[in-house]
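Student: Structure: final.cif, mmCIF, C-alpha atoms.
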data_work
loop_
_atom_site.group_PDB
_atom_site.id
_atom_site.type_symbol
_atom_site.label_atom_id
_atom_site.label_comp_id
_atom_site.auth_asym_id
_atom_site.auth_seq_id
_atom_site.Cartn_x
_atom_site.Cartn_y
_atom_site.Cartn_z
ATOM 1 C CA MET A 1 108.449 119.196 93.032
ATOM 2 C CA ARG A 2 106.245 121.878 91.485
ATOM 3 C CA VAL A 3 102.466 121.475 91.361
ATOM 4 C CA MET A 4 100.071 123.510 89.238
ATOM 5 C CA VAL A 5 96.350 123.900 89.955
ATOM 6 C CA VAL A 6 94.110 124.967 87.072
ATOM 7 C CA ASP A 7 90.605 125.924 88.172
ATOM 8 C CA ASP A 8 88.490 129.009 87.583
ATOM 9 C CA SER A 9 87.251 129.067 91.184
ATOM 10 C CA PRO A 10 89.554 131.067 93.495
ATOM 11 C CA MET A 11 87.833 129.376 96.424
ATOM 12 C CA PHE A 12 88.651 125.892 95.151
ATOM 13 C CA ARG A 13 92.237 126.931 94.400
ATOM 14 C CA ALA A 14 92.526 128.164 97.990
ATOM 15 C CA VAL A 15 91.249 124.812 99.267
ATOM 16 C CA MET A 16 93.744 122.966 97.049
ATOM 17 C CA ARG A 17 96.545 125.270 98.188
ATOM 18 C CA ASP A 18 95.734 124.447 101.799
ATOM 19 C CA ILE A 19 95.621 120.686 101.129
ATOM 20 C CA LEU A 20 98.846 120.736 99.105
ATOM 21 C CA VAL A 21 100.724 122.637 101.803
ATOM 22 C CA ARG A 22 99.501 120.105 104.379
ATOM 23 C CA VAL A 23 100.833 117.202 102.284
ATOM 24 C CA GLY A 24 104.193 118.931 101.932
ATOM 25 C CA VAL A 25 103.990 120.744 98.586
ATOM 26 C CA THR A 26 105.378 124.258 98.820
ATOM 27 C CA ASP A 27 106.190 125.011 95.180
ATOM 28 C CA LEU A 28 102.737 125.774 93.838
ATOM 29 C CA ILE A 29 101.450 127.760 90.871
ATOM 30 C CA GLU A 30 97.849 128.502 89.949
ATOM 31 C CA ALA A 31 95.891 129.370 86.832
ATOM 32 C CA GLY A 32 92.244 130.211 86.257
ATOM 33 C CA ASP A 33 91.843 129.547 82.535
ATOM 34 C CA TYR A 34 93.404 128.072 79.376
ATOM 35 C CA GLU A 35 95.592 131.032 78.445
ATOM 36 C CA GLU A 36 96.949 131.540 81.928
ATOM 37 C CA ALA A 37 97.619 127.798 82.338
ATOM 38 C CA VAL A 38 99.581 127.531 79.075
ATOM 39 C CA ARG A 39 101.469 130.778 79.678
ATOM 40 C CA LEU A 40 102.442 129.816 83.234
ATOM 41 C CA TYR A 41 103.387 126.293 82.222
ATOM 42 C CA ARG A 42 105.669 127.577 79.429
ATOM 43 C CA LYS A 43 107.296 129.973 81.877
ATOM 44 C CA LYS A 44 107.677 127.757 84.944
ATOM 45 C CA GLY A 45 106.712 124.158 84.136
ATOM 46 C CA ALA A 46 105.262 121.726 86.687
ATOM 47 C CA ASP A 47 105.616 118.071 87.612
ATOM 48 C CA ILE A 48 101.942 117.516 88.435
ATOM 49 C CA VAL A 49 98.941 119.512 87.207
ATOM 50 C CA PHE A 50 95.508 119.311 88.874
ATOM 51 C CA MET A 51 93.195 120.336 86.045
ATOM 52 C CA ASP A 52 89.500 121.172 86.277
ATOM 53 C CA MET A 53 87.742 119.814 83.215
ATOM 54 C CA VAL A 54 85.194 122.622 83.131
ATOM 55 C CA LEU A 55 86.866 125.964 82.476
ATOM 56 C CA PRO A 56 85.595 129.219 80.977
ATOM 57 C CA GLY A 57 86.368 129.502 77.280
ATOM 58 C CA LYS A 58 88.315 126.420 76.261
ATOM 59 C CA SER A 59 87.648 123.107 77.983
ATOM 60 C CA GLY A 60 89.925 121.266 80.345
ATOM 61 C CA ILE A 61 90.485 118.646 77.619
ATOM 62 C CA GLU A 62 91.985 121.352 75.384
ATOM 63 C CA VAL A 63 94.265 122.462 78.214
ATOM 64 C CA VAL A 64 95.352 118.844 78.777
ATOM 65 C CA ARG A 65 96.260 118.541 75.084
ATOM 66 C CA ALA A 66 98.059 121.886 75.075
ATOM 67 C CA LEU A 67 100.160 121.034 78.140
ATOM 68 C CA LYS A 68 100.988 117.574 76.790
ATOM 69 C CA ARG A 69 102.185 119.244 73.585
ATOM 70 C CA GLU A 70 104.438 121.453 75.716
ATOM 71 C CA ASP A 71 105.757 118.547 77.770
ATOM 72 C CA GLY A 72 104.886 114.905 77.152
ATOM 73 C CA ASP A 73 106.054 113.933 80.647
ATOM 74 C CA VAL A 74 103.777 116.204 82.638
ATOM 75 C CA LYS A 75 101.411 114.290 84.941
ATOM 76 C CA ILE A 76 97.920 115.736 84.615
ATOM 77 C CA ILE A 77 95.175 114.850 87.093
ATOM 78 C CA ALA A 78 91.731 115.602 85.676
ATOM 79 C CA MET A 79 89.160 116.948 88.131
ATOM 80 C CA SER A 80 85.421 117.455 87.996
ATOM 81 C CA SER A 81 82.613 118.005 90.461
ATOM 82 C CA MET A 82 80.530 115.358 88.713
ATOM 83 C CA VAL A 83 81.518 111.995 87.288
ATOM 84 C CA ASN A 84 81.035 111.850 83.545
ATOM 85 C CA LYS A 85 82.367 108.683 81.964
ATOM 86 C CA LYS A 86 82.890 110.178 78.491
ATOM 87 C CA MET A 87 84.708 113.189 79.889
ATOM 88 C CA ILE A 88 86.995 110.968 81.983
ATOM 89 C CA LEU A 89 87.786 108.720 79.022
ATOM 90 C CA ASP A 90 88.449 111.772 76.830
ATOM 91 C CA ALA A 91 90.765 113.225 79.478
ATOM 92 C CA ILE A 92 92.710 109.957 79.786
ATOM 93 C CA ASP A 93 92.876 109.615 75.984
ATOM 94 C CA SER A 94 94.199 113.176 75.809
ATOM 95 C CA GLY A 95 97.022 112.432 78.214
ATOM 96 C CA ALA A 96 95.688 112.801 81.762
ATOM 97 C CA VAL A 97 96.987 110.061 84.050
ATOM 98 C CA ASP A 98 94.181 109.997 86.604
ATOM 99 C CA PHE A 99 90.870 111.512 87.644
ATOM 100 C CA ILE A 100 89.596 112.804 90.976
ATOM 101 C CA ILE A 101 86.252 114.205 91.980
ATOM 102 C CA LYS A 102 85.783 117.624 93.566
ATOM 103 C CA PRO A 103 85.772 118.465 96.382
ATOM 104 C CA THR A 104 88.828 116.376 97.055
ATOM 105 C CA ASN A 105 90.648 115.714 100.299
ATOM 106 C CA GLU A 106 94.069 115.294 101.836
ATOM 107 C CA ILE A 107 94.052 111.489 101.556
ATOM 108 C CA VAL A 108 93.509 111.577 97.805
ATOM 109 C CA VAL A 109 95.940 114.423 97.124
ATOM 110 C CA SER A 110 98.601 112.821 99.286
ATOM 111 C CA ASN A 111 98.178 109.544 97.397
ATOM 112 C CA ILE A 112 98.548 111.330 94.054
ATOM 113 C CA ILE A 113 101.631 113.243 95.144
ATOM 114 C CA GLN A 114 103.247 110.030 96.378
ATOM 115 C CA VAL A 115 102.464 108.054 93.226
ATOM 116 C CA TRP A 116 102.986 110.639 90.488
ATOM 117 C CA GLY A 117 105.509 112.840 92.236
ATOM 118 C CA THR A 118 108.047 110.068 91.997
ATOM 119 C CA ALA A 119 106.919 108.544 88.701
ATOM 120 C CA MET B 1 78.315 86.152 92.233
ATOM 121 C CA THR B 2 77.063 88.410 89.442
ATOM 122 C CA GLY B 3 73.820 89.818 88.090
ATOM 123 C CA TRP B 4 70.672 90.971 89.766
ATOM 124 C CA ARG B 5 69.370 89.695 93.035
ATOM 125 C CA ILE B 6 66.325 91.493 94.405
ATOM 126 C CA LEU B 7 66.164 91.036 98.142
ATOM 127 C CA PRO B 8 62.647 91.083 99.637
ATOM 128 C CA VAL B 9 63.779 92.662 102.851
ATOM 129 C CA GLY B 10 60.956 93.987 105.003
ATOM 130 C CA LEU B 11 58.305 92.222 102.942
ATOM 131 C CA ALA B 12 56.426 90.802 105.911
ATOM 132 C CA ARG B 13 56.257 94.086 107.765
ATOM 133 C CA THR B 14 55.643 96.606 105.006
ATOM 134 C CA GLY B 15 54.243 94.730 102.069
ATOM 135 C CA ALA B 16 56.855 96.420 99.887
ATOM 136 C CA VAL B 17 59.867 94.910 98.194
ATOM 137 C CA MET B 18 63.007 96.885 98.784
ATOM 138 C CA ARG B 19 65.031 96.827 95.592
ATOM 139 C CA ILE B 20 68.515 95.963 96.757
ATOM 140 C CA SER B 21 70.688 94.430 94.098
ATOM 141 C CA ARG B 22 74.146 93.019 93.738
ATOM 142 C CA GLN B 23 75.064 94.355 90.337
ATOM 143 C CA GLN B 24 78.637 95.014 89.311
ATOM 144 C CA GLU B 25 79.617 98.669 89.175
ATOM 145 C CA GLU B 26 81.258 99.732 85.927
ATOM 146 C CA LYS B 27 84.978 100.472 86.331
ATOM 147 C CA LEU B 28 86.785 103.611 85.160
ATOM 148 C CA PRO B 29 90.471 103.921 84.163
ATOM 149 C CA ILE B 30 91.436 105.636 87.418
ATOM 150 C CA ARG B 31 93.753 104.583 90.222
ATOM 151 C CA PRO B 32 92.567 103.349 93.636
ATOM 152 C CA LYS B 33 93.294 106.016 96.246
ATOM 153 C CA TYR B 34 92.355 104.119 99.387
ATOM 154 C CA THR B 35 93.859 100.877 100.627
ATOM 155 C CA LEU B 36 91.099 98.733 102.093
ATOM 156 C CA ARG B 37 91.238 95.009 102.790
ATOM 157 C CA ASN B 38 88.604 92.295 102.599
ATOM 158 C CA GLY B 39 86.687 91.899 105.849
ATOM 159 C CA GLY B 40 87.754 95.359 107.019
ATOM 160 C CA VAL B 41 85.614 97.868 108.905
ATOM 161 C CA TYR B 42 86.584 101.532 108.526
ATOM 162 C CA VAL B 43 85.447 104.812 110.024
ATOM 163 C CA VAL B 44 85.884 108.320 108.652
ATOM 164 C CA PHE B 45 85.556 111.164 111.148
ATOM 165 C CA GLU B 46 84.381 114.113 109.100
ATOM 166 C CA LYS B 47 81.858 116.894 109.078
ATOM 167 C CA GLY B 48 79.728 116.184 106.048
ATOM 168 C CA HIS B 49 80.457 113.169 103.921
ATOM 169 C CA ASP B 50 82.730 114.185 101.046
ATOM 170 C CA ILE B 51 85.469 111.746 102.021
ATOM 171 C CA GLY B 52 82.987 108.941 102.624
ATOM 172 C CA PHE B 53 81.351 109.298 99.231
ATOM 173 C CA ASP B 54 84.742 109.682 97.573
ATOM 174 C CA ILE B 55 85.760 106.333 99.102
ATOM 175 C CA LEU B 56 82.533 104.718 97.856
ATOM 176 C CA PHE B 57 83.106 106.135 94.369
ATOM 177 C CA ASN B 58 86.815 105.390 94.196
ATOM 178 C CA VAL B 59 86.604 101.844 95.560
ATOM 179 C CA LEU B 60 83.689 100.754 93.370
ATOM 180 C CA LYS B 61 84.982 102.483 90.220
ATOM 181 C CA SER B 62 88.654 101.548 90.481
ATOM 182 C CA SER B 63 89.363 98.682 92.856
ATOM 183 C CA PRO B 64 89.803 95.269 91.257
ATOM 184 C CA GLU B 65 88.680 93.706 94.556
ATOM 185 C CA PHE B 66 85.272 95.321 95.108
ATOM 186 C CA ASP B 67 82.394 95.467 92.625
ATOM 187 C CA TYR B 68 79.094 95.621 94.488
ATOM 188 C CA GLY B 69 77.928 98.611 96.498
ATOM 189 C CA LEU B 70 75.228 99.271 99.077
ATOM 190 C CA CYS B 71 74.938 102.770 100.512
ATOM 191 C CA PHE B 72 72.779 104.077 103.366
ATOM 192 C CA THR B 73 72.544 107.837 103.195
ATOM 193 C CA ARG B 74 70.711 110.869 104.540
ATOM 194 C CA GLU B 75 71.110 112.572 101.158
ATOM 195 C CA ASN B 76 68.690 112.110 98.301
ATOM 196 C CA PRO B 77 70.087 108.917 96.717
ATOM 197 C CA GLU B 78 69.379 110.028 93.159
ATOM 198 C CA ARG B 79 71.549 113.112 93.614
ATOM 199 C CA ILE B 80 74.409 110.946 94.883
ATOM 200 C CA ARG B 81 73.916 108.369 92.139
ATOM 201 C CA ARG B 82 74.114 111.082 89.457
ATOM 202 C CA LYS B 83 77.086 112.943 90.920
ATOM 203 C CA TYR B 84 79.204 109.819 91.274
ATOM 204 C CA ASP B 85 77.757 107.892 88.311
ATOM 205 C CA LEU B 86 77.053 104.890 90.543
ATOM 206 C CA LYS B 87 74.418 103.363 88.274
ATOM 207 C CA ASN B 88 74.484 99.871 89.732
ATOM 208 C CA THR B 89 74.988 100.591 93.410
ATOM 209 C CA SER B 90 71.987 100.131 95.679
ATOM 210 C CA PHE B 91 70.985 103.100 97.792
ATOM 211 C CA VAL B 92 68.814 103.205 100.895
ATOM 212 C CA TRP B 93 67.569 106.611 101.960
ATOM 213 C CA LEU B 94 67.616 107.109 105.734
ATOM 214 C CA THR B 95 64.504 109.203 106.075
ATOM 215 C CA ARG B 96 61.083 109.181 107.648
ATOM 216 C CA ARG B 97 59.625 110.034 104.243
ATOM 217 C CA ARG B 98 57.790 107.063 102.703
ATOM 218 C CA GLY B 99 59.364 105.410 99.683
ATOM 219 C CA ASP B 100 60.353 102.035 98.288
ATOM 220 C CA ASN B 101 63.986 102.243 99.325
ATOM 221 C CA ASN B 102 63.506 104.445 102.362
ATOM 222 C CA ILE B 103 64.141 103.409 105.954
ATOM 223 C CA PRO B 104 63.447 105.561 109.009
ATOM 224 C CA PRO B 105 66.584 106.086 111.108
ATOM 225 C CA GLU B 106 65.031 104.276 114.073
ATOM 226 C CA SER B 107 64.920 100.988 112.118
ATOM 227 C CA LEU B 108 68.356 99.747 113.015
ATOM 228 C CA ASN B 109 67.205 96.134 112.749
ATOM 229 C CA ARG B 110 66.236 96.685 109.105
ATOM 230 C CA ILE B 111 69.649 98.152 108.374
ATOM 231 C CA ALA B 112 71.209 95.084 109.985
ATOM 232 C CA GLY B 113 68.973 92.809 107.935
ATOM 233 C CA LEU B 114 69.739 94.516 104.650
ATOM 234 C CA VAL B 115 73.482 94.440 105.227
ATOM 235 C CA SER B 116 73.355 90.771 106.209
ATOM 236 C CA GLU B 117 71.440 89.926 103.042
ATOM 237 C CA PHE B 118 73.668 91.999 100.802
ATOM 238 C CA VAL B 119 77.236 91.430 101.890
ATOM 239 C CA GLY B 120 79.482 88.836 100.407
ATOM 240 C CA GLU B 121 82.778 88.752 98.646
ATOM 241 C CA ARG B 122 83.615 91.799 96.496
ATOM 242 C CA SER B 123 80.992 93.964 98.202
ATOM 243 C CA MET B 124 81.198 97.331 99.921
ATOM 244 C CA VAL B 125 78.712 98.836 102.356
ATOM 245 C CA TYR B 126 78.866 102.532 103.154
ATOM 246 C CA ILE B 127 76.803 104.201 105.882
ATOM 247 C CA ASP B 128 76.739 107.973 105.657
ATOM 248 C CA GLY B 129 75.676 109.874 108.721
ATOM 249 C CA ILE B 130 76.072 107.634 111.729
ATOM 250 C CA GLU B 131 75.378 110.760 113.780
ATOM 251 C CA TYR B 132 71.820 110.787 112.396
ATOM 252 C CA LEU B 133 71.321 107.228 113.623
ATOM 253 C CA ILE B 134 72.755 108.139 117.022
ATOM 254 C CA ALA B 135 70.500 111.204 117.284
ATOM 255 C CA SER B 136 67.454 109.143 116.335
ATOM 256 C CA ASN B 137 68.239 106.262 118.679
ATOM 257 C CA ASP B 138 71.081 106.431 121.183
ATOM 258 C CA PHE B 139 74.762 105.747 121.053
ATOM 259 C CA ASP B 140 74.566 102.287 122.642
ATOM 260 C CA ALA B 141 71.926 101.090 120.162
ATOM 261 C CA VAL B 142 74.086 102.228 117.236
ATOM 262 C CA ARG B 143 77.135 100.676 118.866
ATOM 263 C CA THR B 144 75.256 97.358 119.040
ATOM 264 C CA LEU B 145 74.380 97.701 115.344
ATOM 265 C CA LEU B 146 77.996 98.424 114.386
ATOM 266 C CA ASP B 147 79.183 95.526 116.523
ATOM 267 C CA HIS B 148 76.790 93.214 114.684
ATOM 268 C CA LEU B 149 77.758 94.622 111.271
ATOM 269 C CA SER B 150 81.443 94.204 112.087
ATOM 270 C CA ASP B 151 80.864 90.494 112.723
ATOM 271 C CA VAL B 152 78.882 90.133 109.494
ATOM 272 C CA ILE B 153 81.482 91.965 107.419
ATOM 273 C CA THR B 154 84.461 90.198 108.936
ATOM 274 C CA THR B 155 83.044 86.814 108.045
ATOM 275 C CA SER B 156 81.670 87.839 104.628
ATOM 276 C CA GLY B 157 84.796 89.173 102.985
ATOM 277 C CA GLY B 158 83.244 92.518 102.085
ATOM 278 C CA ILE B 159 84.084 95.903 103.577
ATOM 279 C CA LEU B 160 82.130 98.343 105.702
ATOM 280 C CA VAL B 161 82.881 102.068 105.750
ATOM 281 C CA TYR B 162 80.957 104.577 107.800
ATOM 282 C CA SER B 163 81.345 108.279 108.381
ATOM 283 C CA VAL B 164 80.497 110.177 111.521
ATOM 284 C CA ASP B 165 80.647 113.791 112.610
ATOM 285 C CA PRO B 166 83.285 113.812 115.383
ATOM 286 C CA ASP B 167 81.724 116.853 117.041
ATOM 287 C CA ILE B 168 78.736 114.877 118.302
ATOM 288 C CA LEU B 169 80.888 112.272 120.044
ATOM 289 C CA ASP B 170 82.399 112.481 123.491
ATOM 290 C CA ASP B 171 85.827 110.968 124.111
ATOM 291 C CA ARG B 172 84.431 107.641 125.324
ATOM 292 C CA GLU B 173 82.158 107.258 122.292
ATOM 293 C CA ARG B 174 84.952 108.115 119.885
ATOM 294 C CA ALA B 175 87.242 105.603 121.562
ATOM 295 C CA ILE B 176 84.567 102.922 121.214
ATOM 296 C CA LEU B 177 84.118 103.614 117.488
ATOM 297 C CA GLU B 178 87.880 103.492 117.014
ATOM 298 C CA ARG B 179 87.916 100.062 118.656
ATOM 299 C CA PHE B 180 85.362 98.775 116.156
ATOM 300 C CA ALA B 181 87.063 100.119 113.058
ATOM 301 C CA GLU B 182 90.248 101.330 111.455
ATOM 302 C CA VAL B 183 90.297 105.098 111.071
ATOM 303 C CA ILE B 184 90.744 106.376 107.517
ATOM 304 C CA ALA B 185 92.816 109.532 107.815
ATOM 305 C CA PRO B 186 95.621 111.268 105.903
#
Can the structure from this file be put into structure tokens for me?
Tutor:
Amino acid sequence: MRVMVVDDSPMFRAVMRDILVRVGVTDLIEAGDYEEAVRLYRKKGADIVFMDMVLPGKSGIEVVRALKREDGDVKIIAMSSMVNKKMILDAIDSGAVDFIIKPTNEIVVSNIIQVWGTA
Amino acid sequence: MTGWRILPVGLARTGAVMRISRQQEEKLPIRPKYTLRNGGVYVVFEKGHDIGFDILFNVLKSSPEFDYGLCFTRENPERIRRKYDLKNTSFVWLTRRRGDNNIPPESLNRIAGLVSEFVGERSMVYIDGIEYLIASNDFDAVRTLLDHLSDVITTSGGILVYSVDPDILDDRERAILERFAEVIAP
């Protein structure tokens, strides 16, 4: 299973990388913005994408839509450091399958990998 | 039970009405990430409280079994309420600063009273920073509180979650806390 993390913070991506390795994910790709996310996804694909909703330039919602256009089956997990009901509903409407709040933890990531990694 | 219920806890001693309500938290279309059962008592060993607050958020916003939240915290409650969008959850600030919903950490009996008044079916109580209570009292006093709360929760049908910094506990104290509660861990 390949997992993609889209977040403009290298520090947060490092934290996610550490958590994902601990829950058994070794095939991991990372992107810091819209263009890199779309380019990497076209090139390599991913089963699950952890997507920050606040990115420089285009928003996370636009990235969700772009990736869903590339692959309707991709499982996108929206992330944000603050709960915003409208943003969560927009993300779900755009094709995200779930939402988690940052910073996240091994319990949550493990749960997501188990549920969506086999879906 | 639905709607508002203002509990006049501490009225006789302070003259103030602490605004603790049982008001249903609004759900979001997200999946539950933690498996907690009615009447359960859970402990999270963590530095800080990110997992604890994530449990509070995730349970109240996604679980079909739990709707009403009461949180005791060392953090400014308004900051927590905004970050997690917990509009209807009641917060009690564990601080020596005066305020309507503030309780000094030495007042373990008031914490016990508030929890007893609040809990019932479909309710969740979260206590952030047990180490602060231990530092302000002593371990045995906090153990007595948790023992009492465990009895209250077990018979009420709600759930109790608390987080504690493992670095302040010795092996005996950690073992005692693990006897009181199920450990939430990956």
Student: Quick one: apply the PyMOL selection byres ((chain B) within 8 of (chain A)) to the file and drop the selected residues here as a VMD selection string.
Tutor: chain B and resid 28 to 31 33 to 34 50 to 51 54 82 to 85 185 to 186
Student: Could you please determine the separation between atom CA of Met51 of chain A and atom CA of Val161 of chain B in Å, to one decimal place?
Tutor: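 Atom-to-atom, atom CA of Met51 of chain A to atom CA of Val161 of chain B, that is 28.8 Å.
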Student: Can you list, as a PyMOL selection string, every protein, DNA or RNA residue that comes within 12 Å of segment 45-48 of chain A when you count only C-alpha atoms, leaving out same-chain residues fewer than 2 positions away?
Tutor: chain A and resi 1-6+20+25+27-30+37-43+50-51+64+67-68+70-78+96-98+109+112-119
Student: What is the atom CA of Glu106 of chain B to atom CA of Ile168 of chain B distance in Å?
Tutor: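 The value is 17.8 Å.
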Student: Could you list, as a list in words, every residue within 7 Å of Val152 of chain B, counting only C-alpha atoms and ignoring same-chain residues fewer than 4 positions away?
Tutor: Ser116, His148 and Ser156 of chain B
Student: Can you work out the spacing between atom CA of Ala14 of chain A and atom CA of Glu36 of chain A in Å, to one decimal?
Tutor: 17.0 Å
Student: So which residues get picked by the PyMOL selection byres ((chain B and resi 77) around 12) here, written as a list in words?
Tutor: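 With the shown file as input, the PyMOL selection byres ((chain B and resi 77) around 12) matches Phe53, Leu70, Cys71, Phe72, Thr73, Arg74, Glu75, Asn76, Glu78, Arg79, Ile80, Arg81, Arg82, Lys83, Tyr84, Asp85, Leu86, Lys87, Thr89, Ser90, Phe91, Val92, Trp93, Leu94, Thr95, Gly99, Asn101, Asn102 and Asp128 of chain B.
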Student: Go through B:Tyr132, B:Phe57, B:Phe45, B:Phe180 and flag the residue nearest Ser107 of chain B, using only C-alpha atoms for the distances.
Tutor: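 Ranking B:Tyr132, B:Phe57, B:Phe45, B:Phe180 by distance to Ser107 of chain B, first place goes to B:Tyr132.
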Student: Using the chain letters and numbers from the file, which residues does the PyMOL selection byres ((chain B and resi 174-177) around 10) grab, as a list in words?
Tutor: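 Evaluating the PyMOL selection byres ((chain B and resi 174-177) around 10) on this file yields Tyr42, Val43, Phe45, Arg143, Leu146, Asp147, Val164, Pro166, Asp167, Ile168, Leu169, Asp170, Asp171, Arg172, Glu173, Glu178, Arg179, Phe180, Ala181, Glu182 and Val183 of chain B.
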